[in-house]
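Okay, target_15.cif is below, mmCIF, C-alpha atoms:
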```cif
data_final
loop_
_atom_site.group_PDB
_atom_site.id
_atom_site.type_symbol
_atom_site.label_atom_id
_atom_site.label_comp_id
_atom_site.auth_asym_id
_atom_site.auth_seq_id
_atom_site.Cartn_x
_atom_site.Cartn_y
_atom_site.Cartn_z
ATOM 1 C CA MET A 3 100.824 95.377 116.195
ATOM 2 C CA LYS A 4 104.193 95.415 117.862
ATOM 3 C CA LYS A 5 105.624 94.647 114.524
ATOM 4 C CA ILE A 6 104.608 95.200 110.968
ATOM 5 C CA LEU A 7 105.791 92.436 108.877
ATOM 6 C CA VAL A 8 107.750 93.113 105.801
ATOM 7 C CA ARG A 9 105.692 91.283 103.342
ATOM 8 C CA VAL A 10 107.919 93.479 101.347
ATOM 9 C CA LEU A 11 110.693 90.933 100.894
ATOM 10 C CA LEU A 12 108.864 89.121 98.141
ATOM 11 C CA VAL A 13 108.163 92.332 96.268
ATOM 12 C CA VAL A 14 111.749 93.413 96.804
ATOM 13 C CA LEU A 15 113.154 90.272 95.260
ATOM 14 C CA VAL A 16 110.695 90.362 92.389
ATOM 15 C CA ALA A 17 111.653 93.935 91.593
ATOM 16 C CA ALA A 18 115.362 93.297 91.901
ATOM 17 C CA LEU A 19 115.640 90.127 89.871
ATOM 18 C CA GLY A 20 114.103 91.787 86.846
ATOM 19 C CA PHE A 21 117.313 93.708 86.155
ATOM 20 C CA GLY A 22 119.417 90.849 84.903
ATOM 21 C CA GLY A 23 122.476 88.877 85.857
ATOM 22 C CA PHE A 24 124.164 91.472 88.056
ATOM 23 C CA VAL A 25 121.114 91.954 90.214
ATOM 24 C CA TYR A 26 120.583 88.208 90.305
ATOM 25 C CA TYR A 27 124.107 87.815 91.647
ATOM 26 C CA MET A 28 123.582 90.476 94.322
ATOM 27 C CA VAL A 29 120.273 89.111 95.513
ATOM 28 C CA HIS A 30 121.513 85.514 95.399
ATOM 29 C CA ASN A 31 124.238 86.447 97.858
ATOM 30 C CA SER A 32 121.607 87.811 100.216
ATOM 31 C CA THR A 33 119.019 85.076 99.783
ATOM 32 C CA SER A 34 121.618 82.410 100.508
ATOM 33 C CA GLN A 35 121.567 83.700 104.101
ATOM 34 C CA ILE A 36 117.799 83.668 104.471
ATOM 35 C CA TYR A 37 116.713 80.520 102.633
ATOM 36 C CA SER A 38 115.277 77.542 104.541
ATOM 37 C CA TYR A 39 114.563 74.400 102.558
ATOM 38 C CA ASN A 40 111.122 72.802 102.778
ATOM 39 C CA LYS A 41 110.454 70.030 100.252
ATOM 40 C CA LYS A 42 106.651 70.298 100.310
ATOM 41 C CA THR A 43 106.282 74.062 99.986
ATOM 42 C CA ASN A 44 109.287 74.456 97.710
ATOM 43 C CA LYS A 45 107.747 72.037 95.214
ATOM 44 C CA SER A 46 104.356 73.716 95.522
ATOM 45 C CA SER A 47 105.763 77.199 94.978
ATOM 46 C CA ASP A 48 108.160 76.134 92.214
ATOM 47 C CA ASP A 49 105.478 74.212 90.309
ATOM 48 C CA LYS A 50 102.933 77.018 90.528
ATOM 49 C CA THR A 51 105.300 79.855 89.645
ATOM 50 C CA THR A 52 106.718 77.866 86.731
ATOM 51 C CA SER A 53 103.147 77.553 85.418
ATOM 52 C CA LYS A 54 102.348 81.205 86.241
ATOM 53 C CA LYS A 55 99.578 80.137 88.611
ATOM 54 C CA PRO A 56 98.417 82.188 91.623
ATOM 55 C CA VAL A 57 100.343 81.509 94.836
ATOM 56 C CA ALA A 58 99.642 82.042 98.546
ATOM 57 C CA TYR A 59 102.362 82.773 101.083
ATOM 58 C CA LEU A 60 102.235 83.292 104.838
ATOM 59 C CA LEU A 61 103.959 86.440 106.096
ATOM 60 C CA LEU A 62 105.135 86.238 109.698
ATOM 61 C CA GLY A 63 106.504 89.033 111.865
ATOM 62 C CA THR A 64 108.424 88.824 115.128
ATOM 63 C CA ASP A 65 110.370 91.405 117.140
ATOM 64 C CA THR A 66 112.510 89.516 119.631
ATOM 65 C CA GLY A 67 115.902 90.489 118.238
ATOM 66 C CA GLU A 68 117.783 89.285 115.184
ATOM 67 C CA LEU A 69 116.758 85.946 113.760
ATOM 68 C CA GLY A 70 118.937 83.106 114.965
ATOM 69 C CA ARG A 71 118.425 84.022 118.627
ATOM 70 C CA SER A 72 117.808 81.265 121.187
ATOM 71 C CA TYR A 73 114.297 82.528 122.050
ATOM 72 C CA LYS A 74 112.148 82.683 118.946
ATOM 73 C CA GLY A 75 109.283 84.685 120.390
ATOM 74 C CA ARG A 76 105.807 84.783 118.907
ATOM 75 C CA THR A 77 104.599 85.836 115.486
ATOM 76 C CA ASP A 78 102.341 88.743 116.361
ATOM 77 C CA THR A 79 101.960 89.540 112.672
ATOM 78 C CA MET A 80 100.392 86.852 110.484
ATOM 79 C CA ILE A 81 99.183 87.708 106.991
ATOM 80 C CA VAL A 82 98.137 85.462 104.137
ATOM 81 C CA MET A 83 99.223 87.049 100.857
ATOM 82 C CA VAL A 84 97.862 85.851 97.518
ATOM 83 C CA LEU A 85 99.693 86.884 94.330
ATOM 84 C CA ASN A 86 97.601 86.441 91.187
ATOM 85 C CA PRO A 87 99.284 87.380 87.898
ATOM 86 C CA LYS A 88 96.117 86.683 85.915
ATOM 87 C CA SER A 89 93.920 89.157 87.773
ATOM 88 C CA LYS A 90 96.933 91.440 88.414
ATOM 89 C CA THR A 91 95.999 91.549 92.083
ATOM 90 C CA THR A 92 97.661 91.026 95.452
ATOM 91 C CA THR A 93 95.305 90.135 98.314
ATOM 92 C CA MET A 94 96.370 90.414 101.972
ATOM 93 C CA VAL A 95 94.360 88.842 104.794
ATOM 94 C CA SER A 96 95.439 89.492 108.392
ATOM 95 C CA VAL A 97 94.971 86.825 111.054
ATOM 96 C CA PRO A 98 94.646 88.262 114.602
ATOM 97 C CA ARG A 99 97.447 87.258 116.952
ATOM 98 C CA ASP A 100 95.001 86.155 119.675
ATOM 99 C CA THR A 101 92.982 83.827 117.439
ATOM 100 C CA LYS A 102 91.994 80.718 119.387
ATOM 101 C CA VAL A 103 93.217 77.451 117.867
ATOM 102 C CA ASP A 104 93.758 73.879 119.042
ATOM 103 C CA PHE A 105 97.379 72.747 118.875
ATOM 104 C CA ASP A 106 98.262 69.164 119.849
ATOM 105 C CA ASP A 107 95.016 68.988 121.833
ATOM 106 C CA VAL A 108 95.910 72.188 123.698
ATOM 107 C CA THR A 109 94.133 75.524 123.247
ATOM 108 C CA ILE A 110 96.573 78.304 122.334
ATOM 109 C CA LYS A 111 96.666 81.674 120.605
ATOM 110 C CA ILE A 112 97.718 81.246 117.002
ATOM 111 C CA ASN A 113 100.718 83.541 117.416
ATOM 112 C CA ALA A 114 102.243 80.935 119.772
ATOM 113 C CA ALA A 115 102.357 78.198 117.109
ATOM 114 C CA TYR A 116 105.723 79.485 115.859
ATOM 115 C CA SER A 117 107.338 79.472 119.304
ATOM 116 C CA TYR A 118 105.987 75.975 120.023
ATOM 117 C CA GLY A 119 107.367 74.647 116.771
ATOM 118 C CA SER A 120 108.666 76.564 113.752
ATOM 119 C CA SER A 121 107.546 78.613 110.781
ATOM 120 C CA ASP A 122 106.222 75.365 109.331
ATOM 121 C CA THR A 123 104.117 74.878 112.465
ATOM 122 C CA ALA A 124 102.686 78.377 112.081
ATOM 123 C CA MET A 125 101.840 77.586 108.458
ATOM 124 C CA GLU A 126 100.083 74.392 109.462
ATOM 125 C CA ALA A 127 98.046 76.259 112.087
ATOM 126 C CA VAL A 128 96.861 78.826 109.542
ATOM 127 C CA GLU A 129 96.156 76.165 106.914
ATOM 128 C CA LYS A 130 94.035 74.197 109.383
ATOM 129 C CA LEU A 131 92.204 77.281 110.655
ATOM 130 C CA LEU A 132 91.254 78.599 107.213
ATOM 131 C CA ASN A 133 91.149 75.283 105.314
ATOM 132 C CA ILE A 134 93.663 76.501 102.736
ATOM 133 C CA LYS A 135 97.007 75.414 101.304
ATOM 134 C CA LEU A 136 100.005 77.720 101.487
ATOM 135 C CA ASP A 137 102.991 77.714 99.153
ATOM 136 C CA GLY A 138 105.614 79.058 101.537
ATOM 137 C CA TYR A 139 106.401 81.592 104.242
ATOM 138 C CA LEU A 140 108.437 84.717 104.895
ATOM 139 C CA LEU A 141 109.513 85.421 108.479
ATOM 140 C CA VAL A 142 110.676 88.973 109.204
ATOM 141 C CA ASN A 143 112.082 90.546 112.334
ATOM 142 C CA MET A 144 110.764 93.991 113.223
ATOM 143 C CA LYS A 145 114.196 95.605 113.309
ATOM 144 C CA GLY A 146 114.708 94.565 109.723
ATOM 145 C CA LEU A 147 111.516 96.305 108.704
ATOM 146 C CA GLU A 148 112.672 99.562 110.250
ATOM 147 C CA GLN A 149 115.932 99.304 108.293
ATOM 148 C CA MET A 150 114.139 98.402 105.063
ATOM 149 C CA VAL A 151 111.698 101.303 105.340
ATOM 150 C CA ASP A 152 114.683 103.619 105.732
ATOM 151 C CA ALA A 153 116.381 101.974 102.742
ATOM 152 C CA VAL A 154 113.427 102.763 100.448
ATOM 153 C CA GLY A 155 113.481 106.389 101.596
ATOM 154 C CA GLY A 156 110.582 106.154 104.049
ATOM 155 C CA VAL A 157 106.853 105.659 103.525
ATOM 156 C CA THR A 158 103.819 107.936 103.200
ATOM 157 C CA VAL A 159 100.574 107.123 105.004
ATOM 158 C CA THR A 160 97.322 108.860 105.910
ATOM 159 C CA SER A 161 96.362 108.257 109.529
ATOM 160 C CA PRO A 162 92.889 106.717 110.009
ATOM 161 C CA LEU A 163 92.675 108.125 113.554
ATOM 162 C CA SER A 164 94.301 110.617 115.932
ATOM 163 C CA PHE A 165 96.704 109.245 118.551
ATOM 164 C CA ASP A 166 100.026 109.748 120.315
ATOM 165 C CA TYR A 167 102.541 106.950 120.665
ATOM 166 C CA GLU A 168 106.092 106.987 121.994
ATOM 167 C CA GLY A 169 106.446 110.732 121.459
ATOM 168 C CA LYS A 170 104.970 110.769 117.949
ATOM 169 C CA SER A 171 101.575 112.365 117.244
ATOM 170 C CA PHE A 172 99.219 111.446 114.415
ATOM 171 C CA VAL A 173 96.063 113.325 113.368
ATOM 172 C CA LYS A 174 93.158 111.638 111.618
ATOM 173 C CA GLY A 175 93.084 112.372 107.890
ATOM 174 C CA GLN A 176 96.570 113.875 107.793
ATOM 175 C CA SER A 177 99.316 112.387 105.642
ATOM 176 C CA TYR A 178 102.788 111.708 107.004
ATOM 177 C CA ASP A 179 106.168 110.909 105.517
ATOM 178 C CA LEU A 180 107.632 108.405 107.969
ATOM 179 C CA ASN A 181 111.100 106.977 108.467
ATOM 180 C CA GLY A 182 111.548 103.425 109.717
ATOM 181 C CA SER A 183 111.318 104.291 113.411
ATOM 182 C CA ASP A 184 108.154 106.361 113.011
ATOM 183 C CA ALA A 185 106.598 103.768 110.699
ATOM 184 C CA LEU A 186 106.892 101.238 113.509
ATOM 185 C CA LYS A 187 105.323 103.689 115.958
ATOM 186 C CA PHE A 188 102.452 104.216 113.521
ATOM 187 C CA SER A 189 101.883 100.459 113.317
ATOM 188 C CA ARG A 190 102.498 99.462 116.935
ATOM 189 C CA MET A 191 99.795 101.317 118.846
ATOM 190 C CA ARG A 192 96.978 99.022 119.885
ATOM 191 C CA TYR A 193 95.253 99.942 123.125
ATOM 192 C CA ASP A 194 94.170 103.480 122.176
ATOM 193 C CA ASP A 195 92.671 102.310 118.899
ATOM 194 C CA PRO A 196 88.881 101.751 119.196
ATOM 195 C CA GLN A 197 89.330 98.742 116.913
ATOM 196 C CA GLY A 198 92.187 97.326 118.996
ATOM 197 C CA ASP A 199 94.302 94.769 117.166
ATOM 198 C CA TYR A 200 92.122 95.066 114.057
ATOM 199 C CA GLY A 201 92.960 98.763 113.802
ATOM 200 C CA ARG A 202 96.620 97.962 114.166
ATOM 201 C CA GLN A 203 96.398 95.379 111.381
ATOM 202 C CA MET A 204 94.879 98.015 109.094
ATOM 203 C CA ARG A 205 97.737 100.417 109.826
ATOM 204 C CA GLN A 206 100.218 97.634 109.123
ATOM 205 C CA GLN A 207 98.682 97.152 105.709
ATOM 206 C CA LEU A 208 98.867 100.891 105.014
ATOM 207 C CA ILE A 209 102.619 100.735 105.647
ATOM 208 C CA LEU A 210 102.970 97.716 103.402
ATOM 209 C CA THR A 211 101.029 99.299 100.559
ATOM 210 C CA SER A 212 103.250 102.390 100.726
ATOM 211 C CA VAL A 213 106.447 100.314 100.702
ATOM 212 C CA ILE A 214 105.275 98.350 97.677
ATOM 213 C CA GLY A 215 104.493 101.606 95.908
ATOM 214 C CA LYS A 216 107.979 102.958 96.615
ATOM 215 C CA LEU A 217 109.604 99.800 95.337
ATOM 216 C CA LYS A 218 107.566 99.826 92.145
ATOM 217 C CA LYS A 219 108.646 103.404 91.466
ATOM 218 C CA ASN A 220 112.305 102.759 92.229
ATOM 219 C CA PRO A 221 113.039 99.012 92.331
ATOM 220 C CA THR A 222 116.814 99.569 92.164
ATOM 221 C CA THR A 223 116.583 100.519 95.834
ATOM 222 C CA VAL A 224 116.961 96.829 96.607
ATOM 223 C CA LEU A 225 120.561 96.977 95.363
ATOM 224 C CA SER A 226 121.710 99.179 98.239
ATOM 225 C CA GLN A 227 124.013 97.395 100.634
ATOM 226 C CA SER A 228 121.984 98.639 103.592
ATOM 227 C CA PHE A 229 118.869 97.013 102.174
ATOM 228 C CA LEU A 230 120.607 93.718 101.440
ATOM 229 C CA ASP A 231 122.164 93.718 104.912
ATOM 230 C CA ALA A 232 118.759 94.291 106.516
ATOM 231 C CA VAL A 233 117.266 91.404 104.558
ATOM 232 C CA GLY A 234 120.139 89.043 105.297
ATOM 233 C CA LYS A 235 120.041 89.632 109.049
ATOM 234 C CA ASN A 236 116.308 89.820 109.621
ATOM 235 C CA VAL A 237 114.486 87.610 107.112
ATOM 236 C CA ARG A 238 113.980 83.861 106.697
ATOM 237 C CA THR A 239 111.961 82.179 103.952
ATOM 238 C CA ASP A 240 111.411 78.815 102.317
ATOM 239 C CA VAL A 241 110.521 80.446 98.986
ATOM 240 C CA SER A 242 113.267 79.122 96.705
ATOM 241 C CA LEU A 243 115.417 81.248 94.463
ATOM 242 C CA GLY A 244 113.843 79.395 91.526
ATOM 243 C CA SER A 245 110.416 80.626 92.603
ATOM 244 C CA VAL A 246 111.756 84.130 93.089
ATOM 245 C CA LYS A 247 113.109 84.139 89.540
ATOM 246 C CA ASN A 248 109.722 82.999 88.246
ATOM 247 C CA LEU A 249 107.969 85.678 90.301
ATOM 248 C CA ALA A 250 110.344 88.299 88.957
ATOM 249 C CA MET A 251 109.579 87.358 85.385
ATOM 250 C CA ASP A 252 105.840 86.805 85.522
ATOM 251 C CA TYR A 253 104.236 88.266 88.662
ATOM 252 C CA ARG A 254 105.105 91.953 88.639
ATOM 253 C CA ASP A 255 101.611 92.970 87.556
ATOM 254 C CA ALA A 256 100.189 91.282 90.649
ATOM 255 C CA GLY A 257 101.086 94.487 92.478
ATOM 256 C CA ASN A 258 98.843 96.627 90.262
ATOM 257 C CA THR A 259 95.905 96.239 92.646
ATOM 258 C CA ILE A 260 96.290 95.548 96.363
ATOM 259 C CA LYS A 261 93.294 94.335 98.358
ATOM 260 C CA SER A 262 93.158 93.987 102.144
ATOM 261 C CA ASP A 263 90.935 91.987 104.484
ATOM 262 C CA GLN A 264 90.914 90.774 108.086
ATOM 263 C CA LEU A 265 89.703 87.737 109.955
ATOM 264 C CA HIS A 266 87.292 89.055 112.614
ATOM 265 C CA GLY A 267 86.392 87.271 115.833
ATOM 266 C CA THR A 268 84.718 87.840 119.185
ATOM 267 C CA GLY A 269 86.774 88.496 122.301
ATOM 268 C CA GLN A 270 86.362 85.816 124.987
ATOM 269 C CA ASN A 271 88.191 85.081 128.237
ATOM 270 C CA ILE A 272 88.829 81.357 128.572
ATOM 271 C CA ASP A 273 90.644 80.032 131.646
ATOM 272 C CA GLY A 274 92.089 83.467 132.296
ATOM 273 C CA GLN A 275 93.318 84.012 128.731
ATOM 274 C CA ASP A 276 91.865 86.532 126.293
ATOM 275 C CA TYR A 277 91.186 85.016 122.888
ATOM 276 C CA GLU A 278 89.617 86.051 119.602
ATOM 277 C CA VAL A 279 87.139 83.283 118.816
ATOM 278 C CA MET A 280 86.199 82.875 115.173
ATOM 279 C CA SER A 281 82.712 81.857 114.088
ATOM 280 C CA ASP A 282 82.264 79.189 111.441
ATOM 281 C CA SER A 283 80.650 81.759 109.154
ATOM 282 C CA GLU A 284 83.637 84.115 109.451
ATOM 283 C CA LEU A 285 86.119 81.323 108.800
ATOM 284 C CA THR A 286 84.116 80.356 105.730
ATOM 285 C CA ARG A 287 84.000 83.982 104.551
ATOM 286 C CA VAL A 288 87.788 84.412 104.796
ATOM 287 C CA HIS A 289 88.395 81.005 103.226
ATOM 288 C CA ASP A 290 86.263 82.152 100.298
ATOM 289 C CA VAL A 291 88.109 85.489 100.071
ATOM 290 C CA ILE A 292 91.409 83.645 99.711
ATOM 291 C CA GLN A 293 90.069 81.038 97.289
ATOM 292 C CA ASN A 294 88.397 83.710 95.157
ATOM 293 C CA ALA A 295 91.685 85.612 95.060
ATOM 294 C CA LEU A 296 93.446 82.455 93.891
ATOM 295 C CA ASN A 297 90.788 81.658 91.284
ATOM 296 C CA ALA A 298 90.262 85.158 89.889
ATOM 297 C CA LYS A 299 90.934 85.544 86.183
#
```
With the file now loaded, output its structure as structure tokens.
Amino acid sequence: MKKILVRVLLVVLVAALGFGGFVYYMVHNSTSQIYSYNKKTNKSSDDKTTSKKPVAYLLLGTDTGELGRSYKGRTDTMIVMVLNPKSKTTTMVSVPRDTKVDFDDVTIKINAAYSYGSSDTAMEAVEKLLNIKLDGYLLVNMKGLEQMVDAVGGVTVTSPLSFDYEGKSFVKGQSYDLNGSDALKFSRMRYDDPQGDYGRQMRQQLILTSVIGKLKKNPTTVLSQSFLDAVGKNVRTDVSLGSVKNLAMDYRDAGNTIKSDQLHGTGQNIDGQDYEVMSDSELTRVHDVIQNALNAK
């Protein structure tokens, strides 16, 4: 996808807040810039994390400049992330950007829900599509991800296919140490991938998994001013600082195992627009994946 979303912010804050009052102070200064209050999801997230229950957040990615711009763009990255401290598992499910949904009696692609409304609107669209309840969102601008990847010292990935993109070559089966710019190139390519957007989603998740691994090995990375600056300028979330503190204390083990899945549809052209149309059986399958991740012991 044109952007890989930094689902990383949550892991970053969890890692950072575990180091005590000084780190709490540093991260609080950054999160004060990115926090967006939402009574419903704040209460849901706060209640669940206080009780150490599994939580589900929506990760959104956009690349139309720094957040706060007049044109919001579309969220071409949409991932449901379930954190389960009981099963010590994180589950990521990608939702294709071109997924057909009905919005105010109008047929749109799901990635347009954000531009028509807000992050809350995007959450509602995903909740309705998958028949789930989400506990909050994280919205990340692509430029911030590039800066954050650089701040953690780059990522290591093994390419699932051979391709060239924007002057960078990748060979199937070969591992690469990538800086932020090259990580975005690795994740952006779509049209030369036989799996199209689904292949791009898989490469996004490879980047994410590598970033999480780097942060687990060296969580103090989050204290760098460059990292905090990248977060402050390029991330918005309605996950409260109270929830983040709870996550820091009780959810670290959720990163021990990372599982990935994708919502798969069938390409259809409707009134001149190309959509991914989801079958009822596929929607049920992904609903069950998410619910099973939430209910796992």
I would like the residues chosen by the PyMOL selection byres ((chain A and resi 244) around 10) on the shown file; could you give them as number ranges by chain? A: 44, 47-49, 51-52, 241-243, 245-250
I need the residue nearest Lys55 (chain A) from this list: A:Ser117, A:Ser189, A:Thr79, A:Asn86. Use all atoms listed in the file for the distance. A:Asn86
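Closest approach to Val237 (chain A) among A:Leu265, A:Ile110, A:Leu85, A:Leu140 is made by A:Leu140 (distances from only C-alpha atoms).
Here the PyMOL selection byres ((chain A and resi 204) around 9) matches the residues Ser96, Pro162, Ser189, Asp199, Tyr200, Gly201, Arg202, Gln203, Arg205, Gln206, Gln207, Leu208, Ile209, Ser262, Asp263 and Gln264 of chain A.
Distance-wise, CA of Phe105 (chain A) and CA of Arg238 (chain A) end up 23.4 Å apart.
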List every protein, DNA or RNA residue with an atom no more than 10 Å from (114.9, 104.4, 104.8) in the file's coordinates, counting only C-alpha atoms, and format the result as number ranges by chain. A: 147-157, 180-183, 223, 228-229
Could you pull the residues within 10 Å of Thr109 (chain A), counting all atoms listed in the file, minus those fewer than 6 positions along the same chain, as a PyMOL selection string? chain A and resi 102-103+272+277
Mind giving me the straight-line distance from CA of Asp78 (chain A) to CA of Ala256 (chain A) in Å, one decimal? 25.9 Å
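For the set A:Arg190, A:Asp104, A:Ile214, A:Leu285, the residue with the smallest atom-to-atom gap to Arg254 (chain A) is A:Ile214, counting all atoms listed in the file.
In this comparison, which uses only C-alpha atoms, the residue of A:Gly274, A:Pro98, A:Pro87, A:Gly63 approaching Asn297 (chain A) most closely is A:Pro87.
Comparing A:His289, A:Lys235, A:Lys216, A:Lys54 by their smallest distance to Lys88 (chain A), the closest is A:Lys54 (using all atoms listed in the file).
Taking CA of Val291 (chain A) as the reference point, CA of Asp100 (chain A) is found at 20.8 Å.
Proximity of A:Thr123, A:Val82, A:Gly215, A:Asp107 to Val159 (chain A), computed with only C-alpha atoms, is greatest for A:Gly215.
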Going by the chain IDs and residue numbers used in this file, which residues fall under the PyMOL selection byres ((chain A and resi 278-282) around 10)? Write them as a PyMOL selection string. chain A and resi 98-103+111-112+131-132+265-271+276-277+283-287
